[in-house]
>>> print(open('entry29.cif').read())   # mmCIF, C-alpha atoms
data_protein
loop_
_atom_site.label_atom_id
_atom_site.label_comp_id
_atom_site.auth_asym_id
_atom_site.auth_seq_id
_atom_site.Cartn_x
_atom_site.Cartn_y
_atom_site.Cartn_z
CA MET A 1 0.00 0.00 0.00
CA THR A 2 1.65 3.16 -1.21
CA HIS A 3 -0.65 5.89 0.12
CA VAL A 4 -4.25 6.81 0.98
CA GLU A 5 -5.75 6.96 -2.51
CA HIS A 6 -9.01 8.42 -1.25
CA LEU A 7 -11.32 8.75 1.70
CA GLY A 8 -14.97 7.88 1.00
CA ILE A 9 -17.59 10.07 2.67
CA ALA A 10 -21.27 9.08 2.69
CA VAL A 11 -23.63 11.98 2.01
CA ALA A 12 -27.43 12.09 1.86
CA ASP A 13 -27.54 14.67 -0.95
CA LEU A 14 -24.63 15.05 -3.37
CA GLU A 15 -25.68 18.40 -4.86
CA GLY A 16 -26.06 19.92 -1.41
CA SER A 17 -22.82 18.43 -0.10
CA ILE A 18 -20.58 19.53 -2.97
CA PRO A 19 -20.50 23.25 -2.04
CA LEU A 20 -19.99 22.32 1.63
CA PHE A 21 -16.93 20.16 0.95
CA GLU A 22 -15.60 22.57 -1.66
CA ALA A 23 -15.70 25.33 0.98
CA LEU A 24 -14.22 23.05 3.65
CA LEU A 25 -11.30 21.85 1.53
CA GLY A 26 -10.86 25.06 -0.45
CA THR A 27 -10.92 23.24 -3.78
CA ALA A 28 -13.48 22.40 -6.49
CA VAL A 29 -14.95 19.00 -7.37
CA TYR A 30 -13.15 17.81 -10.52
CA LYS A 31 -15.30 14.82 -11.44
CA ILE A 32 -18.82 13.48 -10.91
CA GLU A 33 -19.36 9.85 -11.82
CA THR A 34 -22.09 7.25 -11.31
CA VAL A 35 -21.07 3.67 -10.57
CA GLU A 36 -24.16 1.65 -11.54
CA SER A 37 -22.89 -1.64 -10.09
CA GLU A 38 -22.52 -0.06 -6.64
CA GLN A 39 -25.63 2.14 -6.89
CA VAL A 40 -23.64 5.23 -6.03
CA ARG A 41 -23.08 8.66 -7.51
CA THR A 42 -19.68 10.06 -6.60
CA ALA A 43 -17.92 13.42 -6.65
CA PHE A 44 -14.15 13.76 -6.30
CA LEU A 45 -12.00 16.48 -4.76
CA GLN A 46 -8.20 16.44 -4.83
CA CYS A 47 -6.03 17.30 -1.84
CA GLY A 48 -2.36 16.90 -2.78
CA PRO A 49 -1.66 13.18 -3.27
CA ASN A 50 -5.06 12.24 -1.80
CA LYS A 51 -8.67 12.45 -2.89
CA ILE A 52 -11.99 12.83 -1.13
CA GLU A 53 -14.84 10.84 -2.69
CA LEU A 54 -18.35 11.97 -1.77
CA LEU A 55 -20.84 9.11 -2.14
CA GLU A 56 -24.59 9.37 -2.60
CA ALA A 57 -26.91 6.35 -2.89
CA THR A 58 -28.83 6.01 -6.17
CA GLY A 59 -31.14 3.28 -4.86
CA PRO A 60 -32.35 1.76 -1.59
CA GLU A 61 -30.07 -1.29 -2.00
CA SER A 62 -26.95 0.86 -2.29
CA PRO A 63 -24.37 0.19 0.44
CA ILE A 64 -24.42 3.96 1.01
CA ALA A 65 -28.19 3.95 1.72
CA LYS A 66 -27.59 1.22 4.31
CA SER A 67 -24.67 3.07 5.84
CA LEU A 68 -26.61 6.33 6.11
CA GLU A 69 -29.45 4.47 7.81
CA LYS A 70 -27.12 2.79 10.31
CA ARG A 71 -24.52 5.45 11.01
CA GLY A 72 -25.61 8.67 9.32
CA ALA A 73 -23.45 10.80 7.04
CA GLY A 74 -19.68 10.87 7.50
CA ILE A 75 -16.53 8.90 6.74
CA HIS A 76 -17.51 5.62 5.08
CA HIS A 77 -14.25 3.96 3.97
CA VAL A 78 -10.57 4.48 3.32
CA ALA A 79 -8.94 3.35 0.08
CA PHE A 80 -5.25 2.53 -0.19
CA ALA A 81 -3.43 2.54 -3.52
CA VAL A 82 -1.60 -0.69 -4.35
CA HIS A 83 0.68 -1.62 -7.25
CA ASP A 84 -0.74 -5.13 -7.74
CA ILE A 85 -4.25 -5.63 -6.39
CA GLU A 86 -4.35 -9.42 -6.84
CA ALA A 87 -1.05 -9.88 -5.03
CA GLU A 88 -2.27 -7.65 -2.21
CA MET A 89 -5.59 -9.53 -1.98
CA ASN A 90 -3.66 -12.80 -1.75
CA ARG A 91 -1.31 -11.40 0.89
CA LEU A 92 -4.24 -10.27 3.04
CA LYS A 93 -6.15 -13.55 2.61
CA SER A 94 -3.06 -15.53 3.59
CA MET A 95 -2.86 -13.45 6.79
CA GLY A 96 -6.48 -14.25 7.69
CA PHE A 97 -8.25 -11.09 6.55
CA SER A 98 -11.71 -11.50 4.96
CA LEU A 99 -12.34 -9.88 1.60
CA LEU A 100 -15.79 -8.73 0.49
CA ASN A 101 -15.08 -9.64 -3.14
CA GLU A 102 -13.12 -12.57 -4.52
CA GLN A 103 -12.01 -10.77 -7.69
CA PRO A 104 -11.09 -7.12 -8.23
CA LYS A 105 -14.04 -5.17 -9.64
CA LYS A 106 -14.38 -1.91 -11.55
CA GLY A 107 -14.81 1.08 -9.22
CA ALA A 108 -15.09 4.83 -9.81
CA ASP A 109 -12.31 6.96 -11.28
CA GLY A 110 -10.84 4.24 -13.55
CA LYS A 111 -9.83 1.90 -10.73
CA LEU A 112 -9.92 -1.80 -9.99
CA VAL A 113 -11.01 -2.22 -6.38
CA ALA A 114 -11.50 -4.80 -3.64
CA PHE A 115 -12.78 -4.40 -0.09
CA VAL A 116 -11.63 -5.89 3.20
CA HIS A 117 -14.44 -6.79 5.61
CA PRO A 118 -14.57 -4.30 8.50
CA LYS A 119 -15.06 -7.19 10.95
CA SER A 120 -11.58 -8.42 10.14
CA ALA A 121 -10.04 -4.93 10.01
CA GLY A 122 -10.83 -3.33 13.36
CA GLY A 123 -14.15 -1.88 12.20
CA VAL A 124 -12.56 -0.10 9.22
CA LEU A 125 -14.03 -0.62 5.75
CA LEU A 126 -10.79 -0.73 3.78
CA GLU A 127 -10.60 -0.59 -0.01
CA LEU A 128 -7.62 -1.58 -2.11
CA CYS A 129 -7.39 0.22 -5.41
CA MET A 130 -5.21 0.14 -8.47
CA ASP A 131 -5.40 1.87 -11.87
CA ASP A 132 -7.45 -0.33 -14.20
CA PRO A 133 -5.25 -1.09 -17.23
CA GLU A 134 -8.42 -1.47 -19.34
CA ALA A 135 -9.61 2.01 -18.35
CA THR A 136 -6.50 3.66 -19.78
CA PRO A 137 -5.99 2.87 -23.46
CA ALA A 138 -2.37 2.08 -24.32
CA VAL A 139 -0.68 4.92 -26.22
CA MET B 1 -4.96 21.93 3.15
CA THR B 2 -2.03 20.20 1.50
CA HIS B 3 -2.79 16.49 2.09
CA VAL B 4 -4.34 13.95 4.46
CA GLU B 5 -1.83 14.11 7.32
CA HIS B 6 -3.39 11.14 9.08
CA LEU B 7 -6.51 9.09 9.56
CA GLY B 8 -7.50 8.48 13.19
CA ILE B 9 -8.87 5.03 14.02
CA ALA B 10 -10.56 4.33 17.37
CA VAL B 11 -9.55 1.00 18.91
CA ALA B 12 -10.65 -0.65 22.14
CA ASP B 13 -7.25 -2.18 22.86
CA LEU B 14 -4.07 -0.63 21.46
CA GLU B 15 -1.76 -3.58 22.17
CA GLY B 16 -4.14 -5.99 20.45
CA SER B 17 -4.77 -3.67 17.50
CA ILE B 18 -1.15 -2.91 16.67
CA PRO B 19 -0.33 -6.35 15.18
CA LEU B 20 -3.63 -6.31 13.26
CA PHE B 21 -2.95 -2.96 11.59
CA GLU B 22 0.72 -3.79 11.06
CA ALA B 23 -0.36 -6.91 9.16
CA LEU B 24 -3.07 -5.03 7.27
CA LEU B 25 -0.81 -2.18 6.13
CA GLY B 26 2.35 -4.27 5.86
CA THR B 27 4.37 -1.82 7.94
CA ALA B 28 5.42 -1.46 11.59
CA VAL B 29 4.23 1.09 14.15
CA TYR B 30 6.99 3.72 14.45
CA LYS B 31 5.77 5.65 17.48
CA ILE B 32 3.57 5.17 20.54
CA GLU B 33 2.62 8.32 22.41
CA THR B 34 0.18 9.29 25.15
CA VAL B 35 -1.62 12.65 24.88
CA GLU B 36 -2.69 13.33 28.48
CA SER B 37 -4.88 16.34 27.62
CA GLU B 38 -7.00 14.19 25.26
CA GLN B 39 -6.89 11.03 27.41
CA VAL B 40 -5.64 8.97 24.50
CA ARG B 41 -2.76 6.63 23.81
CA THR B 42 -1.79 6.63 20.15
CA ALA B 43 0.26 4.46 17.80
CA PHE B 44 1.39 5.68 14.35
CA LEU B 45 1.99 3.81 11.10
CA GLN B 46 3.31 5.48 7.96
CA CYS B 47 1.88 4.86 4.49
CA GLY B 48 3.75 7.02 1.97
CA PRO B 49 2.81 10.67 2.59
CA ASN B 50 0.02 9.65 4.99
CA LYS B 51 -0.20 8.23 8.50
CA ILE B 52 -2.61 6.02 10.37
CA GLU B 53 -3.11 6.95 14.03
CA LEU B 54 -4.59 4.25 16.25
CA LEU B 55 -6.34 5.78 19.27
CA GLU B 56 -7.09 4.07 22.58
CA ALA B 57 -8.90 5.78 25.47
CA THR B 58 -6.94 6.14 28.71
CA GLY B 59 -9.97 7.18 30.78
CA PRO B 60 -13.76 7.12 30.68
CA GLU B 61 -13.95 10.84 29.77
CA SER B 62 -11.75 10.38 26.70
CA PRO B 63 -13.46 11.33 23.42
CA ILE B 64 -12.36 7.89 22.19
CA ALA B 65 -14.22 6.12 25.04
CA LYS B 66 -17.36 8.04 24.05
CA SER B 67 -16.89 7.29 20.36
CA LEU B 68 -16.40 3.55 21.00
CA GLU B 69 -19.57 3.51 23.08
CA LYS B 70 -21.60 5.30 20.40
CA ARG B 71 -20.19 3.89 17.17
CA GLY B 72 -17.76 1.10 18.02
CA ALA B 73 -14.22 0.78 16.70
CA GLY B 74 -13.31 2.18 13.30
CA ILE B 75 -12.43 5.41 11.52
CA HIS B 76 -12.76 8.28 13.99
CA HIS B 77 -11.42 11.38 12.21
CA VAL B 78 -9.40 12.67 9.28
CA ALA B 79 -6.62 15.20 9.74
CA PHE B 80 -5.49 17.55 6.99
CA ALA B 81 -2.08 19.19 7.03
CA VAL B 82 -2.11 22.99 6.75
CA HIS B 83 0.71 25.54 6.46
CA ASP B 84 -0.85 28.12 8.80
CA ILE B 85 -3.37 26.70 11.26
CA GLU B 86 -4.64 30.05 12.57
CA ALA B 87 -5.25 31.38 9.06
CA GLU B 88 -7.09 28.18 8.15
CA MET B 89 -9.21 28.34 11.34
CA ASN B 90 -10.13 31.93 10.49
CA ARG B 91 -10.96 31.01 6.90
CA LEU B 92 -13.28 28.21 8.06
CA LYS B 93 -14.95 30.37 10.73
CA SER B 94 -15.57 33.13 8.19
CA MET B 95 -17.31 30.57 5.97
CA GLY B 96 -19.63 29.48 8.79
CA PHE B 97 -17.92 26.29 9.97
CA SER B 98 -17.94 25.61 13.73
CA LEU B 99 -14.64 24.82 15.41
CA LEU B 100 -14.39 22.67 18.53
CA ASN B 101 -11.49 24.72 19.90
CA GLU B 102 -10.90 28.46 19.70
CA GLN B 103 -7.10 28.20 19.77
CA PRO B 104 -4.79 25.57 18.26
CA LYS B 105 -3.79 23.00 20.88
CA LYS B 106 -0.90 20.56 21.21
CA GLY B 107 -1.73 17.16 19.67
CA ALA B 108 0.25 13.96 19.19
CA ASP B 109 3.33 13.69 16.96
CA GLY B 110 4.58 17.26 17.52
CA LYS B 111 1.56 18.96 15.96
CA LEU B 112 -0.66 21.94 16.70
CA VAL B 113 -4.24 20.87 16.03
CA ALA B 114 -7.81 22.18 15.83
CA PHE B 115 -11.05 20.34 15.13
CA VAL B 116 -14.06 21.26 13.00
CA HIS B 117 -17.41 20.21 14.46
CA PRO B 118 -18.83 17.22 12.55
CA LYS B 119 -22.27 18.87 12.59
CA SER B 120 -20.93 21.62 10.35
CA ALA B 121 -18.83 19.28 8.19
CA GLY B 122 -21.25 16.66 6.85
CA GLY B 123 -20.77 14.31 9.81
CA VAL B 124 -16.98 14.24 9.40
CA LEU B 125 -14.78 14.98 12.41
CA LEU B 126 -12.08 16.98 10.64
CA GLU B 127 -8.77 17.93 12.23
CA LEU B 128 -6.42 20.63 10.98
CA CYS B 129 -2.80 20.03 11.87
CA MET B 130 0.48 21.83 11.51
CA ASP B 131 4.01 21.15 12.79
CA ASP B 132 4.33 22.80 16.20
CA PRO B 133 7.31 25.20 15.98
CA GLU B 134 7.87 24.74 19.75
CA ALA B 135 8.08 20.97 19.35
CA THR B 136 11.04 21.22 16.96
CA PRO B 137 13.98 23.09 18.47
CA ALA B 138 15.61 25.54 16.03
CA VAL B 139 18.97 24.27 14.75
#
>>> encode(input="entry29.cif", output="structure tokens")
Amino acid sequence: MTHVEHLGIAVADLEGSIPLFEALLGTAVYKIETVESEQVRTAFLQCGPNKIELLEATGPESPIAKSLEKRGAGIHHVAFAVHDIEAEMNRLKSMGFSLLNEQPKKGADGKLVAFVHPKSAGGVLLELCMDDPEATPAV
Amino acid sequence: MTHVEHLGIAVADLEGSIPLFEALLGTAVYKIETVESEQVRTAFLQCGPNKIELLEATGPESPIAKSLEKRGAGIHHVAFAVHDIEAEMNRLKSMGFSLLNEQPKKGADGKLVAFVHPKSAGGVLLELCMDDPEATPAV
């Protein structure tokens, strides 16, 4: 894990939260993207080498809808950048950590992602993420 | 705000959590420090430009004891590095954000810190932090 790639923040209303977080961080959202498979709409802000990802549910079965119901708005997960997501998933599995997905899946912002179960990670929902080679056409 | 300085994670038992997070992040804790004024004992791990701060309560009045009671173990706050903490506090106040302390106070790891109230920051407990000039003797 090379650095905190982004911090995911659950919000009830993306349009209302964007000006709030833009004012807080003193920077503008640079991308809004919907991830259909996760039922989330996301907005990204950059802060040096790190990003903040605001997450709004697009349906009642979205993990963000469930999180808002249980814990309210706030920090939802932390994502760490890795060079080789499959190797890192194998390393964690071999050490006894539980993963929420068996294979890397396509996430927002051109990434391949995998999640570690919070029950095996001290209550932290931890995401691994790596640039998706298929998302960036070879030059 | 230049980058995510650290992510604070509330743990019930620091000694038990250190090996877990060392295995998870693949790196060793480099510092353990008690902050008497906050009633916390902390352990730090480095991940590139970012840090993870594990936080254990040292007394029942510790904000970490209250957080564990309310929400259980997991991500507690995010700290952003700033160049000038007083200027940043004034900027946030002028934009309507509520701060939890009127003056910067001494935090762990040689920092001056201030907190933004989660009620004014989308449910996120946000810390500003800056190197404390008094903590680093002039050469």
>>> interface_residues(input="entry29.cif", of="chain B", to="chain A", cutoff="6 Å", atoms="only C-alpha atoms", output="PyMOL selection string")
chain B and resi 2-3+47-48+73-75+123-124
>>> atom_distance(input="entry29.cif", atom1="CA of Val82 (chain A)", atom2="CA of Pro19 (chain B)")
20.4 Å
>>> calpha_fit_and_write(input="entry29.cif", fixed="chain B", moving="chain A", output="compact mmCIF listing (two decimals) with C-alpha atoms, in the frame of the given file")
# COMPACT_ATOMS: atom_id res chain seq x y z
CA MET A 1 -4.95 21.91 3.17
CA THR A 2 -2.04 20.19 1.51
CA HIS A 3 -2.78 16.50 2.09
CA VAL A 4 -4.33 13.96 4.47
CA GLU A 5 -1.84 14.12 7.33
CA HIS A 6 -3.38 11.14 9.09
CA LEU A 7 -6.50 9.09 9.56
CA GLY A 8 -7.51 8.49 13.19
CA ILE A 9 -8.88 5.04 14.02
CA ALA A 10 -10.55 4.34 17.37
CA VAL A 11 -9.55 1.01 18.90
CA ALA A 12 -10.66 -0.66 22.14
CA ASP A 13 -7.24 -2.19 22.87
CA LEU A 14 -4.06 -0.65 21.46
CA GLU A 15 -1.75 -3.60 22.15
CA GLY A 16 -4.14 -5.99 20.44
CA SER A 17 -4.78 -3.68 17.50
CA ILE A 18 -1.14 -2.92 16.67
CA PRO A 19 -0.33 -6.36 15.18
CA LEU A 20 -3.64 -6.31 13.27
CA PHE A 21 -2.94 -2.97 11.59
CA GLU A 22 0.72 -3.80 11.06
CA ALA A 23 -0.37 -6.93 9.16
CA LEU A 24 -3.08 -5.04 7.27
CA LEU A 25 -0.82 -2.20 6.13
CA GLY A 26 2.35 -4.27 5.84
CA THR A 27 4.36 -1.84 7.94
CA ALA A 28 5.42 -1.47 11.59
CA VAL A 29 4.23 1.09 14.15
CA TYR A 30 6.99 3.71 14.44
CA LYS A 31 5.77 5.64 17.47
CA ILE A 32 3.58 5.17 20.54
CA GLU A 33 2.63 8.33 22.39
CA THR A 34 0.18 9.29 25.14
CA VAL A 35 -1.61 12.63 24.89
CA GLU A 36 -2.69 13.33 28.48
CA SER A 37 -4.87 16.33 27.61
CA GLU A 38 -6.98 14.20 25.25
CA GLN A 39 -6.89 11.05 27.40
CA VAL A 40 -5.64 8.98 24.50
CA ARG A 41 -2.76 6.64 23.81
CA THR A 42 -1.79 6.63 20.15
CA ALA A 43 0.27 4.47 17.80
CA PHE A 44 1.39 5.68 14.37
CA LEU A 45 1.97 3.82 11.11
CA GLN A 46 3.29 5.48 7.96
CA CYS A 47 1.87 4.86 4.50
CA GLY A 48 3.73 7.01 1.96
CA PRO A 49 2.81 10.66 2.59
CA ASN A 50 0.03 9.65 5.01
CA LYS A 51 -0.19 8.23 8.50
CA ILE A 52 -2.62 6.03 10.37
CA GLU A 53 -3.11 6.96 14.03
CA LEU A 54 -4.59 4.25 16.25
CA LEU A 55 -6.33 5.77 19.28
CA GLU A 56 -7.10 4.09 22.58
CA ALA A 57 -8.91 5.80 25.47
CA THR A 58 -6.94 6.15 28.72
CA GLY A 59 -9.98 7.19 30.77
CA PRO A 60 -13.78 7.13 30.66
CA GLU A 61 -13.95 10.84 29.74
CA SER A 62 -11.75 10.38 26.68
CA PRO A 63 -13.46 11.32 23.41
CA ILE A 64 -12.36 7.89 22.18
CA ALA A 65 -14.24 6.11 25.01
CA LYS A 66 -17.37 8.04 24.02
CA SER A 67 -16.89 7.27 20.35
CA LEU A 68 -16.39 3.55 20.99
CA GLU A 69 -19.56 3.51 23.07
CA LYS A 70 -21.59 5.29 20.38
CA ARG A 71 -20.18 3.90 17.15
CA GLY A 72 -17.77 1.10 18.01
CA ALA A 73 -14.22 0.77 16.70
CA GLY A 74 -13.31 2.18 13.29
CA ILE A 75 -12.44 5.42 11.53
CA HIS A 76 -12.76 8.29 14.01
CA HIS A 77 -11.42 11.40 12.23
CA VAL A 78 -9.42 12.68 9.30
CA ALA A 79 -6.62 15.21 9.76
CA PHE A 80 -5.49 17.55 7.00
CA ALA A 81 -2.07 19.20 7.03
CA VAL A 82 -2.12 22.99 6.74
CA HIS A 83 0.69 25.53 6.44
CA ASP A 84 -0.86 28.10 8.80
CA ILE A 85 -3.39 26.69 11.25
CA GLU A 86 -4.64 30.05 12.55
CA ALA A 87 -5.25 31.36 9.05
CA GLU A 88 -7.09 28.17 8.15
CA MET A 89 -9.20 28.33 11.34
CA ASN A 90 -10.12 31.92 10.48
CA ARG A 91 -10.96 31.00 6.89
CA LEU A 92 -13.28 28.21 8.04
CA LYS A 93 -14.95 30.36 10.72
CA SER A 94 -15.56 33.12 8.19
CA MET A 95 -17.31 30.55 5.96
CA GLY A 96 -19.63 29.48 8.79
CA PHE A 97 -17.93 26.29 9.98
CA SER A 98 -17.93 25.61 13.74
CA LEU A 99 -14.63 24.83 15.42
CA LEU A 100 -14.38 22.67 18.54
CA ASN A 101 -11.47 24.72 19.90
CA GLU A 102 -10.88 28.45 19.68
CA GLN A 103 -7.08 28.21 19.76
CA PRO A 104 -4.77 25.58 18.26
CA LYS A 105 -3.76 23.01 20.89
CA LYS A 106 -0.89 20.55 21.21
CA GLY A 107 -1.73 17.16 19.68
CA ALA A 108 0.25 13.95 19.19
CA ASP A 109 3.33 13.67 16.98
CA GLY A 110 4.58 17.25 17.53
CA LYS A 111 1.56 18.96 15.98
CA LEU A 112 -0.65 21.93 16.69
CA VAL A 113 -4.23 20.87 16.02
CA ALA A 114 -7.79 22.17 15.83
CA PHE A 115 -11.04 20.34 15.13
CA VAL A 116 -14.05 21.25 13.01
CA HIS A 117 -17.41 20.20 14.48
CA PRO A 118 -18.83 17.22 12.56
CA LYS A 119 -22.28 18.87 12.59
CA SER A 120 -20.94 21.62 10.37
CA ALA A 121 -18.84 19.28 8.21
CA GLY A 122 -21.25 16.67 6.87
CA GLY A 123 -20.78 14.32 9.82
CA VAL A 124 -16.99 14.24 9.42
CA LEU A 125 -14.78 14.99 12.42
CA LEU A 126 -12.08 16.98 10.66
CA GLU A 127 -8.77 17.94 12.24
CA LEU A 128 -6.41 20.62 10.99
CA CYS A 129 -2.80 20.03 11.87
CA MET A 130 0.48 21.84 11.50
CA ASP A 131 4.00 21.16 12.80
CA ASP A 132 4.34 22.82 16.21
CA PRO A 133 7.31 25.21 15.98
CA GLU A 134 7.86 24.76 19.74
CA ALA A 135 8.10 20.98 19.35
CA THR A 136 11.04 21.24 16.97
CA PRO A 137 13.98 23.12 18.48
CA ALA A 138 15.59 25.57 16.06
CA VAL A 139 18.96 24.32 14.77
>>> resolve_selection(input="entry29.cif", expression="the PyMOL selection byres ((chain B and resi 130) around 9)", output="list in words")
Phe80, Ala81, Val82, His83, Asp84, Ile85, Gly110, Lys111, Leu112, Val113, Leu128, Cys129, Asp131, Asp132 and Pro133 of chain B
>>> closest_residue(input="entry29.cif", among="B:Ala87, B:Val40, B:Val35, B:Leu68", to="Lys105 (chain B)", atoms="only C-alpha atoms")
B:Val35
>>> atom_distance(input="entry29.cif", atom1="CA of Gln39 (chain B)", atom2="CA of Leu99 (chain B)")
19.9 Å
